[in-house]
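Data file: data_39.cif. Format and content: mmCIF, C-alpha atoms and all ligand atoms.
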data_entry
loop_
_atom_site.label_atom_id
_atom_site.label_comp_id
_atom_site.auth_asym_id
_atom_site.auth_seq_id
_atom_site.Cartn_x
_atom_site.Cartn_y
_atom_site.Cartn_z
CA MET A 684 8.64 -15.87 2.26
CA CYS A 685 9.47 -13.19 4.79
CA VAL A 686 7.36 -10.08 4.16
CA VAL A 687 8.17 -7.80 7.03
CA SER A 688 5.60 -5.13 6.25
CA HIS A 689 2.75 -7.63 6.47
CA ALA A 690 4.03 -9.24 9.62
CA LYS A 691 4.61 -5.92 11.30
CA THR A 692 1.20 -4.54 10.42
CA LEU A 693 -0.54 -7.68 11.60
CA ALA A 694 1.30 -7.60 14.89
CA ILE A 695 0.41 -4.01 15.55
CA SER A 696 -3.24 -4.40 14.60
CA LEU A 697 -3.69 -7.38 16.90
CA GLY A 698 -1.85 -5.75 19.76
CA LEU A 699 0.62 -8.59 19.82
CA LEU A 700 4.30 -8.35 20.38
CA VAL A 701 6.04 -10.10 17.54
CA SER A 702 9.76 -10.33 17.38
CA LEU A 703 11.12 -9.67 13.93
CA ALA A 704 14.69 -10.19 15.00
CA ALA A 705 14.94 -13.58 13.35
CA CYS A 706 13.81 -12.25 9.99
CA THR A 707 16.71 -11.48 7.69
CA THR A 708 14.76 -9.26 5.29
CA VAL A 709 15.42 -5.55 5.70
CA SER A 710 12.35 -3.80 6.98
CA PRO A 711 10.93 -1.14 4.67
CA PRO A 712 10.19 2.28 6.13
CA SER A 713 7.10 2.31 8.31
CA GLY A 714 3.89 3.40 6.67
CA ASN A 715 1.10 1.92 4.59
CA VAL A 716 1.14 -1.78 3.83
CA LEU A 717 2.69 -2.64 0.51
CA LYS A 718 0.62 -4.01 -2.32
CA PRO A 719 1.15 -7.79 -2.44
CA ASN A 720 2.97 -7.73 -5.76
CA THR A 721 5.31 -4.96 -4.62
CA ALA A 722 6.04 -6.97 -1.47
CA TRP A 723 6.75 -9.96 -3.70
CA VAL A 724 9.37 -8.06 -5.69
CA TYR A 725 10.75 -6.37 -2.59
CA SER A 726 11.34 -9.32 -0.36
CA SER A 727 10.61 -12.59 -2.09
CA LYS A 728 13.24 -15.08 -3.11
CA GLY A 729 10.63 -16.28 -5.60
CA TRP A 730 10.90 -13.05 -7.59
CA ALA A 731 14.68 -13.23 -7.70
CA ASP A 732 14.63 -16.90 -8.68
CA GLU A 733 12.10 -16.22 -11.43
CA ALA A 734 14.22 -13.41 -12.88
CA LYS A 735 17.35 -15.57 -12.80
CA THR A 736 15.50 -18.39 -14.54
CA VAL A 737 14.42 -16.09 -17.38
CA TYR A 738 17.96 -14.82 -17.79
CA VAL A 739 19.36 -18.35 -17.87
CA SER A 740 16.87 -19.19 -20.65
CA ALA A 741 17.91 -16.07 -22.55
CA ALA A 742 21.58 -16.97 -22.15
CA ASP A 743 20.90 -20.49 -23.41
CA TYR A 744 19.13 -19.02 -26.43
CA VAL A 745 21.91 -16.59 -27.44
CA THR A 746 24.52 -19.28 -26.82
CA GLU A 747 22.75 -21.50 -29.34
CA LYS A 748 21.69 -18.78 -31.80
CA HIS A 749 24.86 -16.71 -32.03
CA VAL A 750 26.72 -19.40 -34.03
CA GLU A 751 24.62 -18.33 -37.03
CA TYR A 752 26.36 -14.96 -37.00
CA LEU A 753 29.87 -13.62 -37.18
CA PRO A 754 31.26 -12.06 -34.02
CA GLU A 755 30.07 -8.46 -33.53
CA SER A 756 27.27 -8.93 -36.06
CA TRP A 757 24.46 -9.66 -33.61
CA ALA A 758 22.88 -7.75 -30.75
CA VAL A 759 20.47 -8.02 -27.88
CA ILE A 760 18.18 -5.11 -27.00
CA MET A 761 17.27 -4.77 -23.35
CA ASP A 762 14.87 -2.55 -21.45
CA LEU A 763 16.30 -1.02 -18.26
CA ASP A 764 13.74 -0.47 -15.51
CA GLU A 765 12.63 -3.70 -13.84
CA THR A 766 14.66 -5.57 -16.46
CA VAL A 767 18.22 -4.56 -15.61
CA LEU A 768 17.61 -1.89 -12.98
CA ASN A 769 15.52 -2.76 -9.93
CA ASN A 770 13.57 0.28 -8.68
CA VAL A 771 11.41 -1.47 -6.12
CA ILE A 772 12.66 0.85 -3.36
CA TYR A 773 11.07 3.77 -5.22
CA GLN A 774 7.81 1.83 -5.41
CA VAL A 775 8.00 0.88 -1.73
CA GLU A 776 8.57 4.47 -0.67
CA ARG A 777 5.63 5.73 -2.73
CA GLU A 778 3.22 3.08 -1.52
CA GLN A 779 4.16 3.51 2.12
CA ARG A 780 3.44 7.21 1.84
CA GLY A 781 0.16 6.45 0.12
CA GLU A 782 1.34 8.24 -3.00
CA ALA A 783 1.26 7.16 -6.62
CA TYR A 784 3.92 7.49 -9.29
CA SER A 785 4.66 11.02 -10.43
CA ALA A 786 7.12 12.20 -13.04
CA GLU A 787 8.68 14.55 -10.49
CA SER A 788 9.25 11.91 -7.81
CA TRP A 789 10.54 9.48 -10.44
CA TYR A 790 13.01 12.07 -11.69
CA GLU A 791 14.23 12.63 -8.13
CA TRP A 792 14.64 8.88 -7.69
CA THR A 793 16.68 8.51 -10.86
CA GLN A 794 18.98 11.34 -9.77
CA LYS A 795 19.87 9.40 -6.62
CA GLU A 796 21.37 6.68 -8.87
CA ASN A 797 20.34 4.09 -6.31
CA ALA A 798 18.62 1.46 -8.42
CA THR A 799 19.99 -2.03 -7.84
CA LEU A 800 20.39 -4.90 -10.29
CA VAL A 801 17.69 -7.33 -11.31
CA PRO A 802 19.09 -10.79 -10.43
CA GLY A 803 20.62 -12.53 -13.44
CA ALA A 804 21.02 -9.39 -15.57
CA ARG A 805 24.74 -8.99 -15.02
CA GLU A 806 25.50 -12.62 -15.86
CA PHE A 807 23.39 -12.44 -19.01
CA ILE A 808 25.08 -9.23 -20.20
CA LYS A 809 28.46 -10.84 -19.62
CA THR A 810 27.41 -13.89 -21.63
CA VAL A 811 26.36 -11.73 -24.59
CA ASN A 812 29.65 -9.85 -24.56
CA ASP A 813 31.72 -12.99 -24.08
CA LEU A 814 30.01 -14.55 -27.12
CA GLY A 815 30.76 -11.51 -29.29
CA GLY A 816 27.36 -9.81 -29.20
CA HIS A 817 26.39 -6.20 -28.56
CA VAL A 818 24.12 -5.05 -25.74
CA ALA A 819 21.86 -2.07 -26.46
CA PHE A 820 19.62 -0.52 -23.82
CA VAL A 821 16.39 1.06 -25.07
CA THR A 822 14.54 2.68 -22.19
CA ASN A 823 11.64 5.04 -21.67
CA ARG A 824 13.55 6.94 -19.07
CA SER A 825 13.72 10.49 -20.36
CA ASP A 826 16.76 12.13 -21.89
CA LYS A 827 16.90 14.35 -18.79
CA GLU A 828 17.62 11.18 -16.85
CA GLN A 829 20.23 9.78 -19.21
CA LEU A 830 23.32 10.96 -17.35
CA ALA A 831 22.14 9.71 -13.95
CA THR A 832 21.06 6.44 -15.55
CA GLU A 833 24.48 5.83 -17.01
CA ASN A 834 26.06 6.78 -13.67
CA ASN A 835 23.76 4.33 -11.90
CA LEU A 836 24.74 1.58 -14.32
CA SER A 837 28.40 2.43 -13.84
CA LYS A 838 28.03 2.19 -10.05
CA LEU A 839 26.69 -1.31 -10.67
CA ASN A 840 29.77 -1.98 -12.76
CA LEU A 841 27.91 -1.99 -16.05
CA LYS A 842 30.03 0.25 -18.24
CA ARG A 843 29.57 1.66 -21.71
CA ASN A 844 31.84 -0.07 -24.21
CA THR A 845 32.72 -2.95 -21.91
CA ASP A 846 29.21 -4.09 -21.08
CA PHE A 847 26.88 -2.12 -23.36
CA ARG A 848 27.35 -0.10 -26.50
CA ILE A 849 24.12 1.88 -26.79
CA LEU A 850 21.76 3.55 -24.32
CA LEU A 851 18.73 5.15 -25.97
CA THR A 852 16.43 7.17 -23.74
CA ARG A 853 13.17 8.86 -24.76
CA ALA A 854 13.44 12.53 -25.66
CA SER A 855 11.14 14.72 -23.62
CA PRO A 856 8.57 15.95 -24.24
CA LYS A 857 8.04 14.79 -27.82
CA GLY A 858 9.75 11.41 -27.94
CA GLU A 859 7.46 8.45 -28.59
CA ARG A 860 6.81 6.02 -25.76
CA ASP A 861 6.55 3.32 -28.42
CA LYS A 862 10.05 1.94 -28.82
CA SER A 863 9.70 0.60 -32.38
CA ASP A 864 11.63 3.38 -34.11
CA ARG A 865 14.42 3.22 -31.57
CA PHE A 866 14.63 -0.56 -31.93
CA GLU A 867 15.05 -0.11 -35.68
CA ILE A 868 17.91 2.35 -35.50
CA VAL A 869 20.06 0.23 -33.18
CA PRO A 870 21.74 -1.62 -36.12
CA GLU A 871 22.19 1.70 -37.94
CA LEU A 872 23.85 3.27 -34.92
CA LEU A 873 26.14 0.27 -34.62
CA GLU A 874 26.98 0.45 -38.31
CA VAL A 875 28.15 4.05 -38.17
CA GLN A 876 30.24 3.09 -35.15
CA GLY A 877 32.06 0.43 -37.14
CA TYR A 878 29.86 -2.64 -36.71
CA PRO A 879 27.95 -3.22 -39.97
CA ASN A 880 25.13 -5.67 -40.68
CA VAL A 881 24.16 -6.30 -37.09
CA LYS A 882 21.06 -8.41 -36.49
CA THR A 883 19.04 -8.10 -33.28
CA ILE A 884 18.37 -11.65 -32.14
CA ALA A 885 16.66 -11.10 -28.78
CA PHE A 886 14.74 -8.57 -26.73
CA ILE A 887 14.52 -8.60 -22.93
CA GLY A 888 11.95 -6.57 -21.01
CA ASP A 889 9.23 -6.47 -18.39
CA ASN A 890 6.55 -4.70 -20.42
CA ILE A 891 4.61 -5.58 -23.56
CA GLY A 892 6.22 -2.68 -25.41
CA ASP A 893 9.73 -3.98 -24.85
CA GLN A 894 9.53 -6.05 -28.02
CA PRO A 895 8.74 -5.02 -31.63
CA ASN A 896 5.14 -4.76 -32.74
CA THR A 897 5.85 -7.12 -35.61
CA ILE A 898 6.81 -10.78 -35.56
CA GLY A 899 10.35 -11.50 -36.69
CA ASP A 900 13.31 -13.80 -36.28
CA TYR A 901 13.95 -12.90 -32.69
CA ARG A 902 12.99 -14.12 -29.25
CA PHE A 903 11.49 -12.05 -26.46
CA PHE A 904 12.23 -12.86 -22.83
CA CYS A 905 9.94 -11.40 -20.19
CA ILE A 906 11.00 -10.47 -16.69
CA ASP A 907 8.10 -10.56 -14.23
CA GLN A 908 7.99 -7.23 -12.39
CA GLY A 909 4.94 -8.17 -10.35
CA ALA A 910 2.58 -5.74 -12.14
CA MET A 911 3.96 -2.87 -10.11
CA TYR A 912 3.24 -0.53 -13.05
CA GLY A 913 2.95 -0.28 -16.82
CA GLU A 914 1.74 -3.11 -19.04
CA PRO A 915 3.51 -6.20 -17.74
CA CYS A 916 4.38 -8.87 -20.26
CA ALA A 917 4.15 -11.69 -17.71
CA LYS A 918 1.05 -13.82 -18.27
CA VAL A 919 0.42 -14.00 -14.52
CA PRO A 920 2.38 -11.19 -12.89
CA GLY A 921 3.53 -11.83 -9.36
CA PRO A 922 3.83 -15.09 -7.46
CA GLY A 923 3.11 -18.28 -9.41
CA GLU A 924 3.72 -19.34 -12.97
MG MG B 1 10.80 -1.78 -17.77
#
Give the structure from this file in structure tokens form.
Ligand SMILES: [Mg+2]
Amino acid sequence: MCVVSHAKTLAISLGLLVSLAACTTVSPPSGNVLKPNTAWVYSSKGWADEAKTVYVSAADYVTEKHVEYLPESWAVIMDLDETVLNNVIYQVEREQRGEAYSAESWYEWTQKENATLVPGAREFIKTVNDLGGHVAFVTNRSDKEQLATENNLSKLNLKRNTDFRILLTRASPKGERDKSDRFEIVPELLEVQGYPNVKTIAFIGDNIGDQPNTIGDYRFFCIDQGAMYGEPCAKVPGPGE
């Protein structure tokens, strides 16, 4: 693994001259050393490989499960941040400045529309659509951030109608962080849009709250976001199993 921030800091502290020219990883802005799990997401092939593996498992599942349903009568609900959208640059910038998350700085980040894709997400979304399923995004980004979020997705070539049908943000300030009610109305929203009797067969997310509170006939697939924030669903967030 090539973690530039660690190597650079070590070199400076020891007074050694270390050439980083051979390292292919882009160096983050200078500043405080990243937390190990942030560095893992930022520059580790292991993180990318782990995300791809989860998405391959999810694709295998919907490929097998969808035959129980008619085309356009099943859906997958996905979280966005650290599930589809990779915001590690925001995290890197905050940590290197020695600053924590703030709603204001997060809002500014979302307005830049610069989030990248979590590896494997695009291929999975394509699989769902190719098999006749619907993709619905249920995110705790606020409604103030909805437009920029959809623009960001569009820049990543994930378009409403073609790639996803629903994008539900959280209304501010009164909207519930708990996603249960929004999960439940996804089939209703699809029904009034001409797709009746839709069953949600899978949820994909990086946090515990990205799946329903109740057990049902669905599968949940967890993307490991390295415990950068929130309540990660990964049993052991970060490097390792
Ligand atoms: Mg998330």
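Candidate residues A:Phe807, A:Trp757, A:Phe847, A:Phe820 were compared for distance to ligand MG 1 (chain B), and the nearest is A:Phe820, using all atoms listed in the file.
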For Asp893 of chain A, please output as JSON, numbers by chain all residues within 9 Å (counting all atoms listed in the file; exclusion window: fewer than 3 positions along the same chain). {"A": [760, 761, 762, 821, 822, 861, 862, 863, 886, 887, 888, 889, 890, 903, 905, 916]}
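Nearest to ligand MG 1 (chain B) of all the residues A:Leu830, A:Gly714, A:Leu768, A:Leu873 is A:Leu768, based on all atoms listed in the file.
Distances here use all atoms listed in the file; by that measure, the residue among A:Ala731, A:Ala917, A:Leu763, A:Val745 closest to ligand MG 1 (chain B) is A:Leu763.
Nearest to ligand MG 1 (chain B) of all the residues A:Glu914, A:Asp764, A:Pro879, A:Pro870 is A:Asp764, counting all atoms listed in the file.
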